[in-house]
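One file, data.txt, is given below (compact mmCIF, C-alpha atoms).
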# COMPACT_ATOMS: atom_id res chain seq x y z
CA MET A 1 50.80 -92.58 14.23
CA ARG A 2 47.07 -92.36 14.91
CA THR A 3 44.72 -91.31 12.11
CA THR A 4 41.28 -91.59 13.68
CA PRO A 5 39.68 -89.42 16.38
CA VAL A 6 40.08 -90.68 19.92
CA ALA A 7 37.71 -89.69 22.72
CA LEU A 8 39.22 -88.77 26.05
CA PRO A 9 38.53 -91.44 28.66
CA PRO A 10 37.23 -90.28 32.05
CA GLY A 11 40.63 -90.70 33.74
CA VAL A 12 42.46 -88.14 31.58
CA VAL A 13 42.55 -84.99 33.68
CA ALA A 14 46.16 -83.77 33.66
CA LEU A 15 48.98 -83.35 31.19
CA SER A 16 50.73 -86.38 32.64
CA ASP A 17 47.74 -88.51 31.65
CA HIS A 18 48.25 -87.51 28.03
CA GLU A 19 51.94 -88.32 28.38
CA ALA A 20 51.09 -91.83 29.60
CA ARG A 21 48.69 -92.37 26.70
CA ALA A 22 51.25 -91.12 24.19
CA ARG A 23 53.95 -93.36 25.62
CA THR A 24 51.80 -96.49 25.30
CA GLY A 25 50.16 -95.54 22.01
CA LEU A 26 53.19 -94.54 19.95
CA ASP A 27 55.68 -96.93 18.41
CA PRO A 28 59.19 -96.94 19.96
CA ASN A 29 60.66 -95.04 16.99
CA THR A 30 58.24 -92.14 17.39
CA TRP A 31 58.37 -92.08 21.18
CA ALA A 32 62.15 -91.91 21.02
CA TYR A 33 61.84 -88.79 18.87
CA LEU A 34 59.20 -87.07 20.99
CA ASP A 35 60.76 -87.84 24.36
CA SER A 36 64.44 -87.70 23.45
CA VAL A 37 66.83 -85.28 25.13
CA ALA A 38 70.49 -84.45 24.66
CA GLY A 39 73.21 -86.15 26.65
CA ASP A 40 72.22 -87.32 30.11
CA GLY A 41 69.05 -85.23 30.28
CA LEU A 42 70.51 -82.75 32.77
CA THR A 43 68.88 -79.77 31.11
CA ARG A 44 65.42 -81.32 30.96
CA ARG A 45 65.61 -82.23 34.66
CA ALA A 46 66.92 -78.76 35.46
CA ASN A 47 63.96 -77.19 33.69
CA ARG A 48 61.49 -79.03 35.89
CA ALA A 49 63.57 -78.50 39.01
CA GLY A 50 63.72 -74.79 38.26
CA TRP A 51 59.96 -74.34 38.27
CA ASN A 52 59.55 -76.65 41.26
CA ALA A 53 62.10 -74.71 43.31
CA LEU A 54 60.11 -71.50 43.01
CA GLN A 55 57.37 -71.19 45.61
CA LEU A 56 54.25 -69.08 45.32
CA TRP A 57 53.62 -66.77 48.29
CA PRO A 58 49.83 -66.44 48.34
CA ARG A 59 47.88 -63.54 49.76
CA VAL A 60 44.49 -64.31 51.28
CA LEU A 61 41.21 -62.43 51.49
CA ALA A 62 41.93 -60.54 48.28
CA PRO A 63 38.87 -59.49 46.22
CA LEU A 64 38.74 -61.90 43.30
CA ALA A 65 35.79 -60.58 41.27
CA GLY A 66 36.79 -59.95 37.69
CA LEU A 67 39.78 -62.32 37.72
CA SER A 68 41.22 -62.42 34.21
CA THR A 69 43.97 -64.38 32.48
CA GLU A 70 44.31 -61.71 29.78
CA VAL A 71 47.80 -60.51 28.96
CA THR A 72 49.35 -58.03 26.58
CA LEU A 73 52.05 -59.42 24.30
CA ALA A 74 53.93 -57.03 22.05
CA GLY A 75 51.00 -54.64 22.10
CA SER A 76 48.31 -57.24 21.41
CA ARG A 77 45.71 -58.35 23.93
CA LEU A 78 45.51 -62.12 24.40
CA ALA A 79 42.91 -64.13 26.29
CA HIS A 80 45.68 -65.93 28.18
CA PRO A 81 49.47 -66.34 28.00
CA LEU A 82 49.60 -69.79 26.36
CA LEU A 83 51.13 -70.36 22.92
CA VAL A 84 51.80 -73.66 21.15
CA ALA A 85 55.53 -74.11 20.52
CA PRO A 86 56.93 -74.99 17.08
CA LEU A 87 56.96 -78.77 17.29
CA ALA A 88 58.34 -80.48 14.18
CA HIS A 89 56.93 -83.49 12.32
CA GLN A 90 53.52 -83.65 13.98
CA ARG A 91 52.22 -86.28 11.55
CA LEU A 92 54.41 -88.68 13.45
CA LEU A 93 51.91 -88.24 16.27
CA HIS A 94 48.59 -87.99 14.44
CA GLY A 95 47.53 -88.13 10.81
CA ASP A 96 46.10 -84.59 10.89
CA GLY A 97 49.43 -83.24 12.07
CA GLU A 98 49.88 -79.50 12.44
CA VAL A 99 46.37 -78.71 11.21
CA ALA A 100 44.94 -80.45 14.27
CA SER A 101 47.19 -78.53 16.64
CA ALA A 102 46.45 -75.22 14.95
CA ILE A 103 42.69 -75.77 15.08
CA ALA A 104 42.92 -76.78 18.75
CA ALA A 105 44.98 -73.71 19.58
CA SER A 106 42.50 -71.48 17.78
CA ALA A 107 39.56 -73.07 19.62
CA GLN A 108 41.30 -72.34 22.93
CA GLN A 109 42.35 -68.80 21.89
CA ALA A 110 45.98 -69.84 22.23
CA GLY A 111 48.79 -68.60 20.03
CA PHE A 112 50.25 -71.03 17.51
CA VAL A 113 53.80 -71.15 16.16
CA LEU A 114 54.27 -73.39 13.12
CA SER A 115 57.62 -75.13 12.67
CA THR A 116 59.61 -74.87 9.46
CA LEU A 117 59.68 -78.68 9.73
CA SER A 118 55.92 -79.01 9.59
CA ASN A 119 54.54 -82.04 7.78
CA VAL A 120 51.69 -79.89 6.43
CA PRO A 121 52.42 -76.95 4.11
CA LEU A 122 52.46 -73.63 5.92
CA GLU A 123 49.75 -72.29 3.62
CA THR A 124 47.38 -75.14 4.51
CA VAL A 125 47.85 -74.63 8.24
CA ALA A 126 47.30 -70.89 7.99
CA ALA A 127 44.19 -71.30 5.86
CA ALA A 128 42.66 -73.57 8.50
CA VAL A 129 42.67 -70.90 11.22
CA ARG A 130 43.59 -67.43 10.01
CA ASN A 131 39.96 -66.30 9.65
CA ASP A 132 38.99 -67.37 13.18
CA GLN A 133 38.29 -64.05 14.89
CA ASP A 134 38.95 -65.27 18.43
CA ARG A 135 42.22 -67.10 17.76
CA GLY A 136 45.54 -66.16 19.27
CA PRO A 137 48.64 -65.07 17.34
CA LEU A 138 49.66 -67.07 14.27
CA TRP A 139 53.44 -67.12 13.88
CA PHE A 140 55.96 -68.97 11.72
CA GLN A 141 59.18 -70.42 13.14
CA LEU A 142 62.14 -70.13 10.80
CA TYR A 143 65.19 -72.34 10.54
CA LEU A 144 67.69 -70.67 8.22
CA GLN A 145 68.28 -72.80 5.15
CA ALA A 146 71.40 -73.77 3.23
CA ASP A 147 71.29 -70.54 1.25
CA ARG A 148 69.50 -67.24 1.68
CA ALA A 149 67.31 -67.73 -1.36
CA ARG A 150 65.58 -70.71 0.29
CA SER A 151 65.22 -68.80 3.56
CA LEU A 152 63.77 -65.82 1.72
CA ASP A 153 61.29 -68.09 -0.04
CA LEU A 154 60.01 -69.32 3.34
CA ILE A 155 59.74 -65.76 4.62
CA ARG A 156 57.75 -64.62 1.60
CA ARG A 157 55.45 -67.64 1.79
CA ALA A 158 54.80 -66.99 5.48
CA GLU A 159 54.00 -63.36 4.79
CA ALA A 160 51.64 -64.23 1.95
CA ALA A 161 49.87 -66.92 3.97
CA GLY A 162 48.97 -64.53 6.77
CA TYR A 163 51.48 -65.31 9.51
CA GLU A 164 51.88 -62.38 11.85
CA ALA A 165 55.46 -62.78 13.10
CA LEU A 166 58.63 -64.74 12.44
CA VAL A 167 60.36 -66.72 15.18
CA LEU A 168 63.99 -67.33 14.24
CA THR A 169 65.44 -70.32 16.12
CA VAL A 170 69.15 -69.78 16.80
CA ASP A 171 70.13 -72.43 19.36
CA ALA A 172 70.33 -75.50 17.10
CA PRO A 173 73.01 -75.06 14.42
CA VAL A 174 73.56 -78.81 14.77
CA ASN A 175 71.45 -81.54 16.35
CA GLY A 176 71.97 -82.39 19.96
CA VAL A 177 73.47 -85.76 20.86
CA ARG A 178 70.28 -87.67 21.59
CA ASP A 179 70.97 -91.22 22.72
CA ALA A 180 67.37 -92.45 22.65
CA GLU A 181 66.99 -91.55 18.97
CA ARG A 182 70.29 -93.23 18.13
CA ARG A 183 69.38 -96.39 20.03
CA ALA A 184 66.03 -96.54 18.25
CA GLY A 185 67.65 -95.85 14.88
CA PHE A 186 65.12 -93.06 14.46
CA ARG A 187 64.08 -92.09 10.96
CA LEU A 188 61.00 -90.50 9.50
CA PRO A 189 58.56 -93.09 8.15
CA SER A 190 57.48 -93.07 4.55
CA GLY A 191 55.08 -90.24 3.81
CA VAL A 192 56.18 -88.03 6.71
CA VAL A 193 58.22 -85.23 5.16
CA ALA A 194 59.12 -81.62 5.82
CA ALA A 195 56.40 -80.23 3.57
CA ASN A 196 57.75 -76.68 3.49
CA LEU A 197 61.19 -77.64 2.19
CA ALA A 198 62.41 -78.81 -1.17
CA SER A 199 63.16 -82.53 -1.12
CA THR A 200 66.48 -82.09 -2.91
CA ALA A 201 69.51 -79.82 -2.76
CA ALA A 202 69.31 -79.51 1.01
CA GLY A 203 72.99 -78.52 1.23
CA ASP A 204 76.05 -80.16 2.73
CA GLY A 205 74.81 -82.30 5.62
CA THR A 206 78.24 -82.99 7.07
CA LEU A 207 79.25 -81.40 10.36
CA ALA A 208 81.63 -79.09 8.54
CA GLY A 209 78.84 -78.06 6.18
CA LEU A 210 76.41 -77.40 9.01
CA LEU A 211 78.94 -75.33 10.92
CA ALA A 212 79.81 -73.32 7.83
CA ARG A 213 76.22 -72.14 7.50
CA ALA A 214 75.37 -71.83 11.22
CA PRO A 215 73.35 -68.66 11.90
CA THR A 216 75.23 -65.56 13.01
CA TRP A 217 74.21 -62.09 14.14
CA ALA A 218 74.61 -60.99 10.52
CA ASP A 219 71.86 -63.43 9.60
CA VAL A 220 69.56 -61.94 12.23
CA GLU A 221 70.12 -58.51 10.71
CA TRP A 222 69.52 -59.92 7.24
CA VAL A 223 66.21 -61.57 8.19
CA ALA A 224 65.02 -58.40 9.89
CA ALA A 225 65.81 -56.41 6.75
CA GLN A 226 63.93 -58.85 4.50
CA THR A 227 60.57 -58.94 6.24
CA ARG A 228 57.80 -56.62 7.27
CA LEU A 229 56.85 -59.04 10.06
CA PRO A 230 57.95 -58.65 13.69
CA LEU A 231 61.02 -60.80 14.36
CA TRP A 232 61.41 -62.85 17.53
CA ILE A 233 64.61 -64.69 18.44
CA LYS A 234 64.17 -68.13 20.01
CA GLY A 235 66.87 -69.90 21.98
CA VAL A 236 68.43 -67.10 24.05
CA LEU A 237 69.84 -67.94 27.49
CA HIS A 238 72.73 -65.51 28.03
CA PRO A 239 72.05 -61.91 29.11
CA ALA A 240 74.73 -60.60 26.75
CA ASP A 241 72.96 -62.20 23.78
CA ALA A 242 69.67 -60.73 24.99
CA ARG A 243 71.16 -57.24 25.06
CA ARG A 244 72.63 -57.67 21.60
CA ALA A 245 69.31 -58.83 20.18
CA GLN A 246 67.55 -55.92 21.85
CA ALA A 247 70.01 -53.51 20.26
CA LEU A 248 69.06 -54.91 16.84
CA GLY A 249 65.43 -53.98 17.46
CA VAL A 250 63.87 -57.43 17.54
CA ALA A 251 60.24 -57.68 18.61
CA GLY A 252 60.98 -60.03 21.50
CA LEU A 253 62.91 -63.04 22.75
CA VAL A 254 62.02 -66.63 23.54
CA VAL A 255 64.07 -67.73 26.54
CA SER A 256 64.64 -71.37 25.67
CA ASN A 257 67.10 -74.23 25.90
CA HIS A 258 65.19 -76.23 23.27
CA GLY A 259 63.59 -78.35 25.97
CA GLY A 260 66.93 -80.01 26.65
CA ARG A 261 67.12 -81.43 23.12
CA THR A 262 70.28 -79.61 21.96
CA LEU A 263 72.99 -78.74 24.51
CA ASP A 264 72.93 -80.67 27.78
CA GLY A 265 73.98 -78.93 30.98
CA THR A 266 72.57 -75.46 30.32
CA PRO A 267 70.77 -73.36 32.93
CA ALA A 268 67.10 -74.00 33.48
CA THR A 269 64.92 -71.47 31.71
CA ALA A 270 63.45 -70.49 35.09
CA GLN A 271 66.98 -69.46 36.08
CA ALA A 272 67.82 -67.67 32.84
CA LEU A 273 64.54 -65.77 32.56
CA PRO A 274 65.01 -63.26 35.42
CA GLN A 275 68.57 -62.56 34.31
CA ILE A 276 67.40 -61.78 30.79
CA ALA A 277 64.53 -59.65 32.09
CA LYS A 278 67.05 -57.68 34.13
CA ALA A 279 69.50 -57.37 31.23
CA THR A 280 66.81 -56.00 28.90
CA GLY A 281 65.39 -53.64 31.49
CA GLY A 282 61.94 -55.14 31.47
CA THR A 283 61.14 -53.36 28.20
CA LEU A 284 61.53 -56.22 25.72
CA PRO A 285 58.71 -58.80 25.53
CA LEU A 286 59.87 -62.22 26.71
CA ILE A 287 58.36 -65.65 26.18
CA VAL A 288 59.73 -68.69 28.00
CA ASP A 289 59.48 -72.44 27.46
CA GLY A 290 61.04 -75.57 28.89
CA GLY A 291 59.45 -77.90 31.42
CA ILE A 292 56.19 -76.01 31.92
CA ARG A 293 53.67 -78.64 32.99
CA ARG A 294 51.22 -76.91 35.33
CA GLY A 295 49.27 -73.69 35.57
CA THR A 296 51.35 -72.83 38.61
CA ASP A 297 54.45 -72.95 36.37
CA VAL A 298 52.80 -70.44 34.04
CA LEU A 299 52.06 -68.10 36.93
CA LYS A 300 55.66 -68.38 38.17
CA ALA A 301 56.98 -67.63 34.68
CA LEU A 302 54.98 -64.42 34.47
CA ALA A 303 56.11 -63.45 37.96
CA LEU A 304 59.71 -63.79 36.75
CA GLY A 305 59.17 -61.41 33.85
CA ALA A 306 57.70 -63.40 30.97
CA SER A 307 54.74 -62.08 29.01
CA ALA A 308 53.71 -65.54 27.82
CA VAL A 309 54.84 -69.17 27.63
CA LEU A 310 55.32 -71.73 24.88
CA ILE A 311 54.03 -75.27 25.39
CA GLY A 312 55.92 -77.94 23.45
CA ARG A 313 56.09 -81.59 24.48
CA PRO A 314 52.69 -81.59 26.25
CA VAL A 315 51.10 -80.51 22.97
CA GLY A 316 52.77 -83.51 21.35
CA TRP A 317 51.40 -85.75 24.09
CA GLY A 318 47.90 -84.40 23.58
CA LEU A 319 48.12 -84.76 19.81
CA ALA A 320 49.27 -88.38 20.09
CA SER A 321 46.68 -89.07 22.76
CA ALA A 322 43.59 -87.71 21.04
CA GLY A 323 44.36 -85.49 18.07
CA ALA A 324 42.93 -81.98 18.08
CA LEU A 325 40.79 -82.86 21.08
CA GLY A 326 43.88 -83.85 23.04
CA VAL A 327 45.74 -80.64 22.21
CA SER A 328 42.66 -78.61 23.09
CA HIS A 329 42.40 -80.41 26.41
CA VAL A 330 46.08 -79.79 27.25
CA LEU A 331 45.64 -76.06 26.67
CA ARG A 332 42.35 -75.91 28.55
CA VAL A 333 43.83 -77.74 31.54
CA LEU A 334 46.72 -75.30 31.73
CA ARG A 335 44.43 -72.31 31.50
CA ASP A 336 42.07 -73.68 34.15
CA GLU A 337 45.00 -74.46 36.43
CA LEU A 338 46.37 -70.95 35.88
CA GLU A 339 43.04 -69.42 36.87
CA ALA A 340 42.91 -71.57 40.00
CA ALA A 341 46.49 -70.66 40.91
CA MET A 342 45.73 -66.97 40.45
CA ALA A 343 42.64 -67.14 42.67
CA LEU A 344 44.43 -69.11 45.37
CA SER A 345 47.36 -66.66 45.30
CA GLY A 346 45.18 -63.56 45.47
CA VAL A 347 46.06 -62.43 41.94
CA THR A 348 43.26 -61.06 39.77
CA SER A 349 45.26 -59.68 36.85
CA LEU A 350 48.35 -60.94 35.03
CA ARG A 351 48.96 -57.42 33.78
CA ASP A 352 49.55 -56.16 37.30
CA MET A 353 51.54 -58.90 38.98
CA PRO A 354 52.45 -58.31 42.63
CA ASP A 355 56.17 -57.94 43.30
CA ASP A 356 56.01 -60.41 46.19
CA LEU A 357 54.19 -63.31 44.49
CA LEU A 358 57.24 -65.57 44.77
CA ASP A 359 58.67 -66.60 48.13
CA PRO A 360 61.86 -64.51 48.41
CA ASN A 361 63.68 -67.27 50.28
CA ALA A 362 63.10 -69.79 47.49
CA LEU A 363 63.91 -67.14 44.88
CA ALA A 364 67.14 -66.29 46.68
CA ARG A 365 68.14 -69.95 46.80
CA GLN A 366 67.56 -70.31 43.08
CA THR A 367 69.47 -67.10 42.35
CA ALA A 368 72.38 -68.39 44.40
CA CYS A 369 72.57 -71.43 42.13
CA GLU A 370 72.92 -69.33 38.98
Take the structure in the file and give it back as C-alpha cells.
Amino acid sequence: MRTTPVALPPGVVALSDHEARARTGLDPNTWAYLDSVAGDGLTRRANRAGWNALQLWPRVLAPLAGLSTEVTLAGSRLAHPLLVAPLAHQRLLHGDGEVASAIAASAQQAGFVLSTLSNVPLETVAAAVRNDQDRGPLWFQLYLQADRARSLDLIRRAEAAGYEALVLTVDAPVNGVRDAERRAGFRLPSGVVAANLASTAAGDGTLAGLLARAPTWADVEWVAAQTRLPLWIKGVLHPADARRAQALGVAGLVVSNHGGRTLDGTPATAQALPQIAKATGGTLPLIVDGGIRRGTDVLKALALGASAVLIGRPVGWGLASAGALGVSHVLRVLRDELEAAMALSGVTSLRDMPDDLLDPNALARQTACE
C-alpha cells in the first residue's frame, strides 16, 4: 500500500506502464489479489483476444471538424463513454482508496461506480465529488447481503448520499477459484476493511450458506421495488438473461464476466455483447467491461452496441502507481486514444456510429467462434 503522492515519471505513457509500476510496487499479497483470475485464466485471455480479433475498417478523407467523444447513456449526456468499475478494497492499493479514484474520475468527467466492498464509507466518497458540476455519473454497486434488511440499509444509504443509480452484481454468488490468491495466502491487512458493512453477523460463510442466499430473479424484482434509483444488472452474458432483465424494466445491463475472476471458460465480453444487443433489440442501454486496455477497444465496444465501458484493473494499476494522479492519467490516456482512433477511422460522433466501422471479415470470424 502506498500512502504518499507519487509523481508520474516521464516514461509512463500507457496503461501497461502503470501495470508494470503496480506489479513492482505492491507486495505479493496485494498483487495476487489485484491480478488474480479464476482457474487457468482462459476468460481473461479470451477478453483480450476478443477485442484484438476485431479490426477497425477506417474511412479516409472524412471531415473531422467538431469531433466529439460525447455519448448519451440512459438519457444523460456524458463527455465520453468511460466509467470507473466497482473495484473492491482500494486501500490495498493506496492509502486514499476509493476517494482518490472518485476524485480522479470526477476530474476527468468519467462516471464512477463505488463497490459495496469499498474501504471508505459510501457517504464519504459521495461527499468528495457529488457537488462537482462537470463529473460523470455517480453510481453504487450492490452485493446482496445475508438478509434483506442489510441490503435495504445499503440501498437507503446510497440514496441518501446522492448516488444516482444502483448496479446489482449477479455473477458472483461465490468466489471464483483463484489460484494466485490461494498460493499467496491472501488476506486483508489490518486496517483494511469493508467500511460499508457491519463487522459482525455477516451470515453463514460456508458454501451451503452462500448458495442458500445466492441472488435470484426474485431478488432483482425486490431491489427494483425498494428503490427510486435506476437499477442496472451487472454480470450478464447470456441473451436469455438479458431478455428476462429487460422484461423486468431494468435501466440497463453491464455485459461482464467479472474480468475473468469468477467463472473460467466463459465467452469474451466482445463476443457476448453483440448477441445481447441483438436479443434486446438495441433499445436497452448496455455497458461492457473486461479486457479493455486501449482507446481502440472502446471504439470497438461502441461499434458492437455498447453505450459506454467500465474500466477496472487499469484503474487499480493507476491507483497503485500514483494515487489519484495515476487514475486520472489512465482515464485521460484512454480518452485521448479514443479521440485518435475516431479521427483515424473517420468517425466524428459516437452517437452516430457507422454500420461498417468493423471489418466484416474479422467480425464474421469472431461470430463463427461464438
Atom CA of Pro86 of chain A and atom CA of Lys278 of chain A are how many Å apart? 26.3 Å
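Atom pair atom CA of Val37 of chain A / atom CA of Pro314 of chain A has a distance of 14.7 Å (rounded to one decimal).
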Could you write out as AutoDock Vina command-line options the box around segment 294-312 of chain A (axis-aligned, all atoms listed in the file, 8 Å on each side), with centre and edge lengths in Å to one decimal?
--center_x 54.5 --center_y -69.7 --center_z 31.0 --size_x 26.4 --size_y 32.5 --size_z 31.2
If you measure from atom CA of Leu299 of chain A to atom CA of Leu286 of chain A, what distance in Å do you get, rounded to one decimal? 14.1 Å
Shell of 12 Å around Leu231 of chain A, only C-alpha atoms, local chain residues under 4 positions omitted, as a PyMOL selection string: chain A and resi 74+139-142+155+163-169+220-227+245-246+248-254+285
For Pro9 of chain A: contacts at 12 Å, all atoms listed in the file, fewer than 5 positions along chain excluded, given as a list in words: Ala14, Asp17, His18, Arg21, Ser321, Ala322, Leu325, Gly326 and His329 of chain A
So which residues touch Gly39 of chain A within 7 Å, counting all atoms listed in the file, skipping near sequence neighbours fewer than 4 positions away, as number ranges by chain? A: 177-179, 264
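With all atoms listed in the file as the basis for measurement, A:Leu237 is the residue among A:Ala194, A:Val333, A:Leu237, A:Leu310 that approaches Pro274 of chain A most closely.
Compared by their closest atoms to Asp134 of chain A, and using all atoms listed in the file, the residues A:Ala107, A:Ile287, A:Ala184, A:Ile292 rank with A:Ala107 nearest.
All residues of protein, DNA or RNA that reach within 10 Å of Gly265 of chain A, judged by all atoms listed in the file and not counting those fewer than 2 positions away in the chain, are A:Ala38, A:Gly39, A:Asp40, A:Gly41, A:Leu42, A:Thr43, A:Arg44, A:Arg45, A:Ala46, A:Asn257, A:Gly260, A:Thr262, A:Leu263, A:Pro267, A:Ala268.
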Could you write out the selected residues, including C-alpha atoms, as a PDB file, in the frame of the given file?
ATOM      1  CA  ALA A  38      70.490 -84.450  24.660  1.00  0.00           C
ATOM      2  CA  GLY A  39      73.210 -86.150  26.650  1.00  0.00           C
ATOM      3  CA  ASP A  40      72.220 -87.320  30.110  1.00  0.00           C
ATOM      4  CA  GLY A  41      69.050 -85.230  30.280  1.00  0.00           C
ATOM      5  CA  LEU A  42      70.510 -82.750  32.770  1.00  0.00           C
ATOM      6  CA  THR A  43      68.880 -79.770  31.110  1.00  0.00           C
ATOM      7  CA  ARG A  44      65.420 -81.320  30.960  1.00  0.00           C
ATOM      8  CA  ARG A  45      65.610 -82.230  34.660  1.00  0.00           C
ATOM      9  CA  ALA A  46      66.920 -78.760  35.460  1.00  0.00           C
ATOM     10  CA  ASN A 257      67.100 -74.230  25.900  1.00  0.00           C
ATOM     11  CA  GLY A 260      66.930 -80.010  26.650  1.00  0.00           C
ATOM     12  CA  THR A 262      70.280 -79.610  21.960  1.00  0.00           C
ATOM     13  CA  LEU A 263      72.990 -78.740  24.510  1.00  0.00           C
ATOM     14  CA  PRO A 267      70.770 -73.360  32.930  1.00  0.00           C
ATOM     15  CA  ALA A 268      67.100 -74.000  33.480  1.00  0.00           C
TER      16      ALA A 268
END
Near Val236 of chain A, within 9 Å and counting all atoms listed in the file, which residues show up once chain neighbours fewer than 5 positions away are dropped, as a VMD selection string? chain A and resid 170 to 171 241 to 242 253 to 257 272 276
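Of the listed residues (A:Glu70, A:Glu181, A:Asp352, A:Glu98), A:Glu70 comes nearest to Ala308 of chain A; the distances count all atoms listed in the file.
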Since the input lacks some atoms of segment 243-260 of chain A, please model N, CA, C and O atoms and print them as a PDB file, in the frame of the given file.
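To be explicit, this is the file written out as selection_5.pdb:
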ATOM      1  N   ARG A 243      70.902 -58.661  25.296  1.00  0.00           N
ATOM      2  CA  ARG A 243      71.160 -57.240  25.060  1.00  0.00           C
ATOM      3  C   ARG A 243      71.507 -56.969  23.604  1.00  0.00           C
ATOM      4  O   ARG A 243      71.086 -55.955  23.025  1.00  0.00           O
ATOM      5  N   ARG A 244      72.257 -57.864  23.000  1.00  0.00           N
ATOM      6  CA  ARG A 244      72.630 -57.670  21.600  1.00  0.00           C
ATOM      7  C   ARG A 244      71.403 -57.760  20.693  1.00  0.00           C
ATOM      8  O   ARG A 244      71.240 -56.959  19.757  1.00  0.00           O
ATOM      9  N   ALA A 245      70.540 -58.713  20.960  1.00  0.00           N
ATOM     10  CA  ALA A 245      69.310 -58.830  20.180  1.00  0.00           C
ATOM     11  C   ALA A 245      68.431 -57.600  20.362  1.00  0.00           C
ATOM     12  O   ALA A 245      67.838 -57.092  19.404  1.00  0.00           O
ATOM     13  N   GLN A 246      68.347 -57.120  21.580  1.00  0.00           N
ATOM     14  CA  GLN A 246      67.550 -55.920  21.850  1.00  0.00           C
ATOM     15  C   GLN A 246      68.086 -54.731  21.063  1.00  0.00           C
ATOM     16  O   GLN A 246      67.316 -53.932  20.522  1.00  0.00           O
ATOM     17  N   ALA A 247      69.400 -54.622  20.989  1.00  0.00           N
ATOM     18  CA  ALA A 247      70.010 -53.510  20.260  1.00  0.00           C
ATOM     19  C   ALA A 247      69.689 -53.570  18.767  1.00  0.00           C
ATOM     20  O   ALA A 247      69.681 -52.532  18.082  1.00  0.00           O
ATOM     21  N   LEU A 248      69.412 -54.765  18.246  1.00  0.00           N
ATOM     22  CA  LEU A 248      69.060 -54.910  16.840  1.00  0.00           C
ATOM     23  C   LEU A 248      67.596 -54.589  16.572  1.00  0.00           C
ATOM     24  O   LEU A 248      67.166 -54.591  15.415  1.00  0.00           O
ATOM     25  N   GLY A 249      66.815 -54.372  17.627  1.00  0.00           N
ATOM     26  CA  GLY A 249      65.430 -53.980  17.460  1.00  0.00           C
ATOM     27  C   GLY A 249      64.466 -55.113  17.227  1.00  0.00           C
ATOM     28  O   GLY A 249      63.400 -54.917  16.612  1.00  0.00           O
ATOM     29  N   VAL A 250      64.794 -56.321  17.713  1.00  0.00           N
ATOM     30  CA  VAL A 250      63.870 -57.430  17.540  1.00  0.00           C
ATOM     31  C   VAL A 250      62.592 -57.186  18.340  1.00  0.00           C
ATOM     32  O   VAL A 250      62.572 -56.394  19.291  1.00  0.00           O
ATOM     33  N   ALA A 251      61.526 -57.876  17.947  1.00  0.00           N
ATOM     34  CA  ALA A 251      60.240 -57.680  18.610  1.00  0.00           C
ATOM     35  C   ALA A 251      60.210 -58.282  20.001  1.00  0.00           C
ATOM     36  O   ALA A 251      59.497 -57.801  20.887  1.00  0.00           O
ATOM     37  N   GLY A 252      60.973 -59.370  20.206  1.00  0.00           N
ATOM     38  CA  GLY A 252      60.980 -60.030  21.500  1.00  0.00           C
ATOM     39  C   GLY A 252      61.888 -61.240  21.456  1.00  0.00           C
ATOM     40  O   GLY A 252      62.453 -61.586  20.406  1.00  0.00           O
ATOM     41  N   LEU A 253      62.034 -61.876  22.615  1.00  0.00           N
ATOM     42  CA  LEU A 253      62.910 -63.040  22.750  1.00  0.00           C
ATOM     43  C   LEU A 253      62.132 -64.214  23.326  1.00  0.00           C
ATOM     44  O   LEU A 253      61.232 -64.018  24.151  1.00  0.00           O
ATOM     45  N   VAL A 254      62.509 -65.407  22.910  1.00  0.00           N
ATOM     46  CA  VAL A 254      62.020 -66.630  23.540  1.00  0.00           C
ATOM     47  C   VAL A 254      63.189 -67.212  24.339  1.00  0.00           C
ATOM     48  O   VAL A 254      64.184 -67.642  23.763  1.00  0.00           O
ATOM     49  N   VAL A 255      63.059 -67.166  25.659  1.00  0.00           N
ATOM     50  CA  VAL A 255      64.070 -67.730  26.540  1.00  0.00           C
ATOM     51  C   VAL A 255      63.875 -69.239  26.525  1.00  0.00           C
ATOM     52  O   VAL A 255      62.877 -69.755  27.018  1.00  0.00           O
ATOM     53  N   SER A 256      64.848 -69.940  25.936  1.00  0.00           N
ATOM     54  CA  SER A 256      64.640 -71.370  25.670  1.00  0.00           C
ATOM     55  C   SER A 256      65.965 -72.093  25.618  1.00  0.00           C
ATOM     56  O   SER A 256      66.967 -71.553  25.129  1.00  0.00           O
ATOM     57  N   ASN A 257      65.972 -73.322  26.115  1.00  0.00           N
ATOM     58  CA  ASN A 257      67.100 -74.230  25.900  1.00  0.00           C
ATOM     59  C   ASN A 257      66.679 -75.427  25.056  1.00  0.00           C
ATOM     60  O   ASN A 257      67.240 -76.503  25.164  1.00  0.00           O
ATOM     61  N   HIS A 258      65.674 -75.217  24.220  1.00  0.00           N
ATOM     62  CA  HIS A 258      65.190 -76.230  23.270  1.00  0.00           C
ATOM     63  C   HIS A 258      64.651 -77.464  24.000  1.00  0.00           C
ATOM     64  O   HIS A 258      64.716 -78.586  23.497  1.00  0.00           O
ATOM     65  N   GLY A 259      64.150 -77.244  25.209  1.00  0.00           N
ATOM     66  CA  GLY A 259      63.590 -78.350  25.970  1.00  0.00           C
ATOM     67  C   GLY A 259      64.603 -79.416  26.332  1.00  0.00           C
ATOM     68  O   GLY A 259      64.240 -80.568  26.600  1.00  0.00           O
ATOM     69  N   GLY A 260      65.892 -79.034  26.346  1.00  0.00           N
ATOM     70  CA  GLY A 260      66.930 -80.010  26.650  1.00  0.00           C
ATOM     71  C   GLY A 260      67.303 -80.902  25.490  1.00  0.00           C
ATOM     72  O   GLY A 260      68.025 -81.889  25.678  1.00  0.00           O
TER      73      GLY A 260
END
